[in-house]
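A short write-up of the structure that comes next.
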Amino acid sequence: MLVMRESRTRDCRILNGMWRFYPDLDHTAEAEEIWRDALPGSQQCAVPASVNDLFTDPRIRHHVGLYFYERMVLVPGTWDQSVILRCGSATHEARVWVNGQEVGDHRGGYLPVEVDITDHVTPGEVFRLTIAVDNRLYQDSIPPGEVVQQDDGTWRQDYRHDFFNYAGLHRSVALWSRPRTYLHDVTITTSYSGSTGVVSWSADFSEAPASIQIKVLDHRDVSVIAESEGSSGQVEIPHVRLWTPGIGGLYDLEISAYDEAGQLLDCHREPFGVREVAVEGMQFLINGEPFYFTGFGMHEDHETLGKGHSDAHMLQDFELLSWIGANSLRTSHYPYSDEFMDYCDEHGIVVIDETAAVGLNWAIAGGIVGDEVGATFTPGHVDDKTQATHKDHIAELIQRDKNRPSVVMWSIANEPDTAVPEAREYFAPLVEWTRSLDATRPVGFTNVMFAPAGVDTVSDLFDVLMLNRYYGWYAHIADLKKAQEVLREELEKWQDMLHKPIIMTEYGADTVAGLHSVHNVPFSEEFQVAYLKAYEEVFDAVPAVIGEQMWNFADFQTKFGIARIDGNRKGAFTRDRRPKAAATHLRQRWTTR
Ligand code: BDP
C-alpha cells in the first residue's frame, strides 16, 4: 500500500476535526448495531488524537472495547474515480461503515487503514461515515495483551509493554479520489558508482496500462533529471546528490501511466534517496562511511494528544533532536506516522524502523522482572497465531516504508524472551521472511538484559546487535562502578562471540526533573548524568559499539506501576519537552563528536 500523495490524478479531502463520538461503555453497541443510525447522544471527539486524556470521565479513559466515531462526508461532485478512505492508523482495530453498511476493517494499531468505498457513495452527495475503533489487545495481536473480566463484570486490559494503551484515530483521516486503473505499488532500490546514481524501479498496476513513463525529479523544485519508461527498469542520475545523514537529499520517481489513446490514467510521485547501507565486520556503513548512531528510542506521546499526531508537536521534537545532536532514532515500539517518516527522509534523520512486536516476554514487565506467570513461547502465550500476526505485520511495515531512505534497518521486535531455546524456532522464520521482503537492509531486534551474551539464543541470526541494558538501574541500582564493570564485560563477550556491530538501543534511569542531589541519588538529575557518563566511558572503550540511543527522548505515559510516577521518567526531556541536565550533557557529547 503506497502512501497516498496528491497528484495530477489523485485528489484529497482531509477529514480531521471534531467527529461525533460514542464510547461503548456498556458493551451493547454490537448487539444493537448502533452504526445503522446516527450515533446516540451529542458527544464529540477530536481527530486525530487519543481518546484517553480528552475527557474527564474516567470510564472513557480506561474503557476496554469499542469507541465509535461518526461524521457526514461530502464526496465532491467532480470525483468520477474510485473513492478511498484512508486513516494513518486506528489503534488497534478498525471497522468502517458507510450509511450503516460495513465496508471494511483493519487489524493492527500503528499502520494505515485503507478502504475502497466507491461502490457505496455517489459523487456530489453526502454520506454518513462511521468508524469503530477497538482498543483491545489479545494473545494473537501485535502487540499482545489479554482482556480480563473482573469480579464486578468490568473488563481490564492487561499487557506487558511499558507505555499507556492509548487508543483512537491517531493519525489523519482522508478521503481520496484515485483513478480506476491505478498504480498500487512501486519498489525503488538505489546504488551508485562514482558520481552516477543508479535507480531501479518495479511498478505494479491494478491493470496493465498501455504505456508507462518514468521521470526522476529533483524533490525540491521538481525539475526533471532523468527519464525512462516501462513497469520496471533502471535509470541513471548523473552527478547524483547522495542521501546523507544530517542533510537528506531526496528525489521523486514520477510514474505516469497512459492508455492506448495516450490519455493519462494515473500519476504518482514516490520520494526516494540514493544511498547504500551495509554491515561490514563490526561497522555499519552508510554510503561506504562508518556511521555512529547518536539519539534515542522515542515514543509518539504528548500531553492531551496521547499518541495523536500533530505536525507542531512533531516539529518541536525534531528541533530538539537537532539541538541535542541526535543523528538517528528508533521508532520504539511501533511504526510511526507517515508525516514523521516523511520528515526523517527529507532531513536526513537515520531511522531504525521497529514493528509493534513489544511485550513478547513473560519473564519481564517494563524492564523489571515480573511475576512467575509461565513460559513465553507456549500455546496461549506467544505461539503460532502470534507468529502469523507478527509475520503479516512485518510485511505491512515493509510495504509502507520500503522506499524510505531514512530507514536503514528493521527492528522486528523489542525485548522478546530470547533466553529460551524456543525463541529460535519463533524468530528464525521471521528473520528469513524479513530478508525475503527486503534484501537491502540489515535486520535486528532489541535484546533484553535478561538474555545477555551466552544466554541469548537468537542474536547470531541477525545482522546487528541491539542491546537494551539497565545495569545501575534495574540491576545493581546506583552502583555505577559495578554497572560499568558488568556492561564492559558483557559487550566484550558479544564482540568476541559475534564480531557484529553493537548499538546500545536503551540505557537510562528514571529522573524527576527538578530533583537535585549532591550525592548522586537515583531519580535526581545529577544521577541521570552520572549514569550516562558511566555508560559512555564503556561505549568509547569497546570498538564494536557503533551507536548509542539513550532511553528515552522524553518522559512518557505508562500504565500504573509502583516504579512509574505518572509515567516513565527516563526522558532527557520532560513530557512537555523541557531539557533535564542530561539533555545538556548529551548535547555537549553529541555535538562535539
Ligand atoms: C525496556 C523497554 C522499554 C521500557 C524500559 C524501561 O524496552 O519499553 O520503557 O525498559 O523500563 O525494558 O524504562
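Labels for the C-alpha cells follow display order: chains A, B, ..., residues from 1 in each chain, ligands from 1.
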
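Every protein, DNA or RNA residue with an atom at most 6 Å from A:Arg171, where only C-alpha atoms count and chain neighbours fewer than 3 positions away do not, is listed here: Pro48, Gly88, Ser89 and His309 of chain A.
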
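Using only C-alpha atoms, the residues found no farther than 10 Å from A:Arg71, other than those of its own chain fewer than 2 positions away, are Leu15, Gly17, Met18, Trp19, Arg20, Phe21, Ala38, Leu39, Gln44, Tyr69, Val73, Leu74, Phe127, Arg128, Leu129, Thr130 and Ile131 of chain A.
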
Suppose we keep C-alpha atoms; can you now write the selection as a tab-separated table (two decimals), in the first residue's frame?
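Dumped to out-v5.tsv:
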chain	number	residue	atom	x	y	z
A	15	LEU	CA	-11.45	14.78	7.32
A	17	GLY	CA	-11.63	17.88	13.11
A	18	MET	CA	-14.49	17.26	15.51
A	19	TRP	CA	-16.36	13.99	14.92
A	20	ARG	CA	-19.44	12.68	16.71
A	21	PHE	CA	-18.37	10.17	19.30
A	38	ALA	CA	-26.76	8.23	13.69
A	39	LEU	CA	-24.84	7.67	16.92
A	44	GLN	CA	-17.76	14.78	20.15
A	69	TYR	CA	-16.66	7.91	15.57
A	73	VAL	CA	-18.79	13.46	4.41
A	74	LEU	CA	-19.38	15.10	1.06
A	127	PHE	CA	-22.76	10.03	3.27
A	128	ARG	CA	-22.58	9.01	6.92
A	129	LEU	CA	-19.18	7.59	7.80
A	130	THR	CA	-18.88	5.52	10.98
A	131	ILE	CA	-15.64	4.08	12.29

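Proximity ranking of A:Ile255, A:Gly109, A:Asp162, A:Leu329 relative to A:Asp204 places A:Ile255 first, based on only C-alpha atoms.
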
Q: Select the residues contacting ligand 1 at a distance of at most 9 Å, based on only C-alpha atoms and all ligand atoms, then format the selection as a ChimeraX atom specification.
A: /A:161-163,297,332-333,358-359,364-368,414-415,446-449,468-470,474,505-510,551-552,556,558,563,568-570

File of the preceding selection, N, CA, C and O atoms, as a tab-separated table (two decimals), in the first residue's frame:
chain	number	residue	atom	x	y	z
A	161	HIS	N	3.80	-4.40	27.86
A	161	HIS	CA	4.74	-3.35	27.42
A	161	HIS	C	4.57	-2.11	28.28
A	161	HIS	O	3.54	-1.89	28.91
A	162	ASP	N	5.62	-1.27	28.23
A	162	ASP	CA	5.72	-0.14	29.15
A	162	ASP	C	5.32	1.18	28.50
A	162	ASP	O	6.09	2.13	28.49
A	163	PHE	N	4.12	1.22	27.91
A	163	PHE	CA	3.56	2.53	27.51
A	163	PHE	C	2.06	2.40	27.56
A	163	PHE	O	1.50	1.32	27.37
A	297	GLY	N	15.67	6.11	21.65
A	297	GLY	CA	14.41	5.40	21.46
A	297	GLY	C	13.35	6.42	21.82
A	297	GLY	O	13.51	7.16	22.79
A	332	SER	N	10.67	3.18	18.52
A	332	SER	CA	10.22	2.29	19.59
A	332	SER	C	8.79	2.69	19.95
A	332	SER	O	8.52	3.88	20.09
A	333	HIS	N	7.87	1.81	20.14
A	333	HIS	CA	7.92	0.39	19.91
A	333	HIS	C	6.84	0.01	18.91
A	333	HIS	O	6.07	-0.92	19.12
A	358	VAL	N	6.17	-5.82	20.72
A	358	VAL	CA	6.75	-5.50	22.02
A	358	VAL	C	5.94	-6.25	23.08
A	358	VAL	O	4.74	-6.46	22.90
A	359	GLY	N	6.63	-6.71	24.12
A	359	GLY	CA	5.91	-7.42	25.18
A	359	GLY	C	5.79	-8.92	24.92
A	359	GLY	O	4.96	-9.59	25.53
A	364	ILE	N	9.40	-10.61	31.96
A	364	ILE	CA	9.58	-9.23	32.44
A	364	ILE	C	8.33	-8.39	32.20
A	364	ILE	O	7.49	-8.74	31.40
A	365	ALA	N	8.31	-7.28	32.88
A	365	ALA	CA	7.27	-6.28	32.61
A	365	ALA	C	7.95	-4.93	32.72
A	365	ALA	O	8.42	-4.55	33.78
A	366	GLY	N	8.06	-4.23	31.59
A	366	GLY	CA	8.66	-2.89	31.60
A	366	GLY	C	10.04	-2.84	32.21
A	366	GLY	O	10.33	-2.00	33.04
A	367	GLY	N	10.90	-3.77	31.81
A	367	GLY	CA	12.28	-3.75	32.27
A	367	GLY	C	12.48	-4.43	33.61
A	367	GLY	O	13.60	-4.68	34.03
A	368	ILE	N	11.38	-4.75	34.28
A	368	ILE	CA	11.50	-5.28	35.63
A	368	ILE	C	11.07	-6.75	35.62
A	368	ILE	O	10.13	-7.11	34.91
A	414	ASN	N	10.92	-5.89	20.11
A	414	ASN	CA	11.59	-5.27	21.24
A	414	ASN	C	11.55	-6.21	22.44
A	414	ASN	O	10.46	-6.60	22.90
A	415	GLU	N	12.72	-6.58	22.92
A	415	GLU	CA	12.89	-7.35	24.14
A	415	GLU	C	12.02	-8.60	24.27
A	415	GLU	O	11.36	-8.81	25.29
A	446	THR	N	15.75	-5.77	19.43
A	446	THR	CA	16.46	-5.30	20.61
A	446	THR	C	16.43	-6.38	21.68
A	446	THR	O	15.37	-6.91	22.03
A	447	ASN	N	17.61	-6.67	22.17
A	447	ASN	CA	17.81	-7.77	23.11
A	447	ASN	C	17.64	-7.28	24.55
A	447	ASN	O	18.12	-6.21	24.93
A	448	VAL	N	16.95	-8.07	25.35
A	448	VAL	CA	16.65	-7.71	26.73
A	448	VAL	C	17.81	-8.08	27.67
A	448	VAL	O	18.54	-9.05	27.42
A	449	MET	N	17.92	-7.32	28.74
A	449	MET	CA	19.01	-7.52	29.72
A	449	MET	C	19.07	-8.94	30.30
A	449	MET	O	20.14	-9.41	30.68
A	468	ASN	N	19.47	-3.50	24.99
A	468	ASN	CA	18.84	-2.62	25.98
A	468	ASN	C	19.37	-3.02	27.35
A	468	ASN	O	19.14	-4.15	27.78
A	469	ARG	N	20.08	-2.13	28.00
A	469	ARG	CA	20.69	-2.50	29.28
A	469	ARG	C	20.40	-1.47	30.37
A	469	ARG	O	20.43	-0.27	30.11
A	470	TYR	N	20.14	-1.98	31.56
A	470	TYR	CA	19.82	-1.10	32.70
A	470	TYR	C	20.66	-1.45	33.92
A	470	TYR	O	20.18	-1.39	35.04
A	474	TYR	N	17.88	-1.14	37.01
A	474	TYR	CA	17.10	-2.32	37.45
A	474	TYR	C	17.99	-3.38	38.09
A	474	TYR	O	17.51	-4.23	38.83
A	505	THR	N	20.69	0.33	22.27
A	505	THR	CA	19.41	0.94	21.90
A	505	THR	C	18.59	1.40	23.10
A	505	THR	O	17.58	2.08	22.93
A	506	GLU	N	18.97	0.97	24.31
A	506	GLU	CA	18.34	1.53	25.51
A	506	GLU	C	19.33	1.48	26.66
A	506	GLU	O	20.02	0.46	26.86
A	507	TYR	N	19.41	2.56	27.40
A	507	TYR	CA	20.10	2.63	28.69
A	507	TYR	C	19.58	3.91	29.32
A	507	TYR	O	19.41	4.91	28.63
A	508	GLY	N	19.23	3.85	30.58
A	508	GLY	CA	18.65	5.06	31.16
A	508	GLY	C	18.23	4.88	32.60
A	508	GLY	O	18.26	3.77	33.14
A	509	ALA	N	17.84	5.97	33.21
A	509	ALA	CA	17.46	5.98	34.62
A	509	ALA	C	16.31	6.97	34.81
A	509	ALA	O	16.36	8.08	34.28
A	510	ASP	N	15.28	6.55	35.53
A	510	ASP	CA	14.17	7.47	35.79
A	510	ASP	C	14.66	8.69	36.57
A	510	ASP	O	15.43	8.55	37.53
A	551	TRP	N	17.60	5.87	26.40
A	551	TRP	CA	16.17	5.69	26.69
A	551	TRP	C	15.74	6.72	27.71
A	551	TRP	O	16.29	6.71	28.79
A	552	ASN	N	14.90	7.60	27.42
A	552	ASN	CA	14.11	7.84	26.24
A	552	ASN	C	14.31	9.29	25.86
A	552	ASN	O	14.78	10.08	26.66
A	556	PHE	N	7.29	9.72	29.27
A	556	PHE	CA	6.07	9.31	28.55
A	556	PHE	C	5.12	8.57	29.48
A	556	PHE	O	5.50	8.07	30.53
A	558	THR	N	2.62	5.76	30.94
A	558	THR	CA	2.57	4.29	31.01
A	558	THR	C	1.33	3.90	31.81
A	558	THR	O	0.65	4.75	32.36
A	563	ALA	N	6.81	1.56	40.07
A	563	ALA	CA	8.04	2.18	39.57
A	563	ALA	C	7.73	3.27	38.53
A	563	ALA	O	8.62	3.71	37.81
A	568	ASN	N	6.74	6.97	32.77
A	568	ASN	CA	8.17	6.63	32.77
A	568	ASN	C	8.96	7.94	32.69
A	568	ASN	O	8.69	8.77	31.83
A	569	ARG	N	9.92	8.10	33.61
A	569	ARG	CA	10.63	9.39	33.71
A	569	ARG	C	12.07	9.30	33.20
A	569	ARG	O	12.94	10.04	33.66
A	570	LYS	N	12.32	8.40	32.28
A	570	LYS	CA	13.72	8.27	31.81
A	570	LYS	C	14.06	9.28	30.71
A	570	LYS	O	15.15	9.22	30.12

Q. If you run DSSP on this backbone, which residues of stretch 127-277 of chain A come out as strand (DSSP E or B), and could you give them as an MDAnalysis selection string?
A. chainID A and resid 127:134 145:149 155:159 168:169 173:178 183:193 196:205 211:218 224:229 232:237 244 248 251:258 264:272 277

DSSP on the backbone: which residues in stretch 223-332 of chain A end up as alpha helix (DSSP H)? Give the answer as a JSON list (two decimals) with C-alpha atoms, in the first residue's frame.
[["chain", "number", "residue", "atom", "x", "y", "z"],
["A", 311, "ASP", "CA", 2.63, 18.49, 12.98],
["A", 312, "ALA", "CA", 3.51, 21.20, 15.53],
["A", 313, "HIS", "CA", 4.47, 18.73, 18.26],
["A", 314, "MET", "CA", 6.38, 16.62, 15.77],
["A", 315, "LEU", "CA", 8.34, 19.60, 14.54],
["A", 316, "GLN", "CA", 9.26, 20.60, 18.08],
["A", 317, "ASP", "CA", 10.58, 17.08, 18.71],
["A", 318, "PHE", "CA", 12.70, 17.22, 15.56],
["A", 319, "GLU", "CA", 14.03, 20.64, 16.54],
["A", 320, "LEU", "CA", 15.09, 19.26, 19.92],
["A", 321, "LEU", "CA", 16.69, 16.23, 18.27],
["A", 322, "SER", "CA", 18.71, 18.55, 16.08],
["A", 323, "TRP", "CA", 19.61, 20.83, 19.01],
["A", 324, "ILE", "CA", 20.92, 17.89, 21.03]]

Q.
At a cut-off of 7 Å, using only C-alpha atoms, what residues contact A:Glu270? Leave out same-chain residues fewer than 3 positions from it and give the result as JSON, numbers by chain.
A. {"A": [252, 253, 254]}

Take the residues just selected and output them with all heavy atoms as a PDB file, in the first residue's frame.
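As written to disk, selection_16.pdb reads:
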ATOM      1  N   ASP A 252      12.284  12.446  -6.543  1.00  0.00           N
ATOM      2  CA  ASP A 252      10.974  11.800  -6.700  1.00  0.00           C
ATOM      3  C   ASP A 252      11.031  10.918  -7.933  1.00  0.00           C
ATOM      4  O   ASP A 252      11.609  11.330  -8.954  1.00  0.00           O
ATOM      5  CB  ASP A 252       9.866  12.833  -6.948  1.00  0.00           C
ATOM      6  CG  ASP A 252       9.525  13.620  -5.700  1.00  0.00           C
ATOM      7  OD1 ASP A 252       9.754  13.108  -4.588  1.00  0.00           O
ATOM      8  OD2 ASP A 252       9.033  14.747  -5.853  1.00  0.00           O
ATOM      9  N   LEU A 253      10.429   9.759  -7.854  1.00  0.00           N
ATOM     10  CA  LEU A 253      10.221   8.961  -9.055  1.00  0.00           C
ATOM     11  C   LEU A 253       8.782   9.217  -9.480  1.00  0.00           C
ATOM     12  O   LEU A 253       7.851   8.853  -8.765  1.00  0.00           O
ATOM     13  CB  LEU A 253      10.449   7.476  -8.770  1.00  0.00           C
ATOM     14  CG  LEU A 253      10.561   6.617 -10.027  1.00  0.00           C
ATOM     15  CD1 LEU A 253      11.956   6.782 -10.653  1.00  0.00           C
ATOM     16  CD2 LEU A 253      10.323   5.153  -9.720  1.00  0.00           C
ATOM     17  N   GLU A 254       8.614   9.889 -10.610  1.00  0.00           N
ATOM     18  CA  GLU A 254       7.252  10.156 -11.088  1.00  0.00           C
ATOM     19  C   GLU A 254       6.871   9.076 -12.081  1.00  0.00           C
ATOM     20  O   GLU A 254       7.554   8.864 -13.083  1.00  0.00           O
ATOM     21  CB  GLU A 254       7.166  11.531 -11.748  1.00  0.00           C
ATOM     22  CG  GLU A 254       5.729  11.899 -12.070  1.00  0.00           C
ATOM     23  CD  GLU A 254       5.631  13.260 -12.754  1.00  0.00           C
ATOM     24  OE1 GLU A 254       5.844  13.318 -13.981  1.00  0.00           O
ATOM     25  OE2 GLU A 254       5.348  14.241 -12.057  1.00  0.00           O
TER      26      GLU A 254
END

Q) Nearest to A:Gly308 among A:His393, A:Arg330, A:His170, A:Arg178, with distances taken over only C-alpha atoms: which residue is it? A) A:His170

Q: Using atom CA of A:Val545 and atom CA of A:Met466 as the two end points, give the distance in Å to one decimal.
A: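 Separation between atom CA of A:Val545 and atom CA of A:Met466: 9.7 Å.
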
**Q.** Proximity to A:Gly571 - best of A:Ala356, A:Leu265, A:Ile502, A:Met298, only C-alpha atoms
**A.**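 Closest residue, counting only C-alpha atoms: A:Met298.
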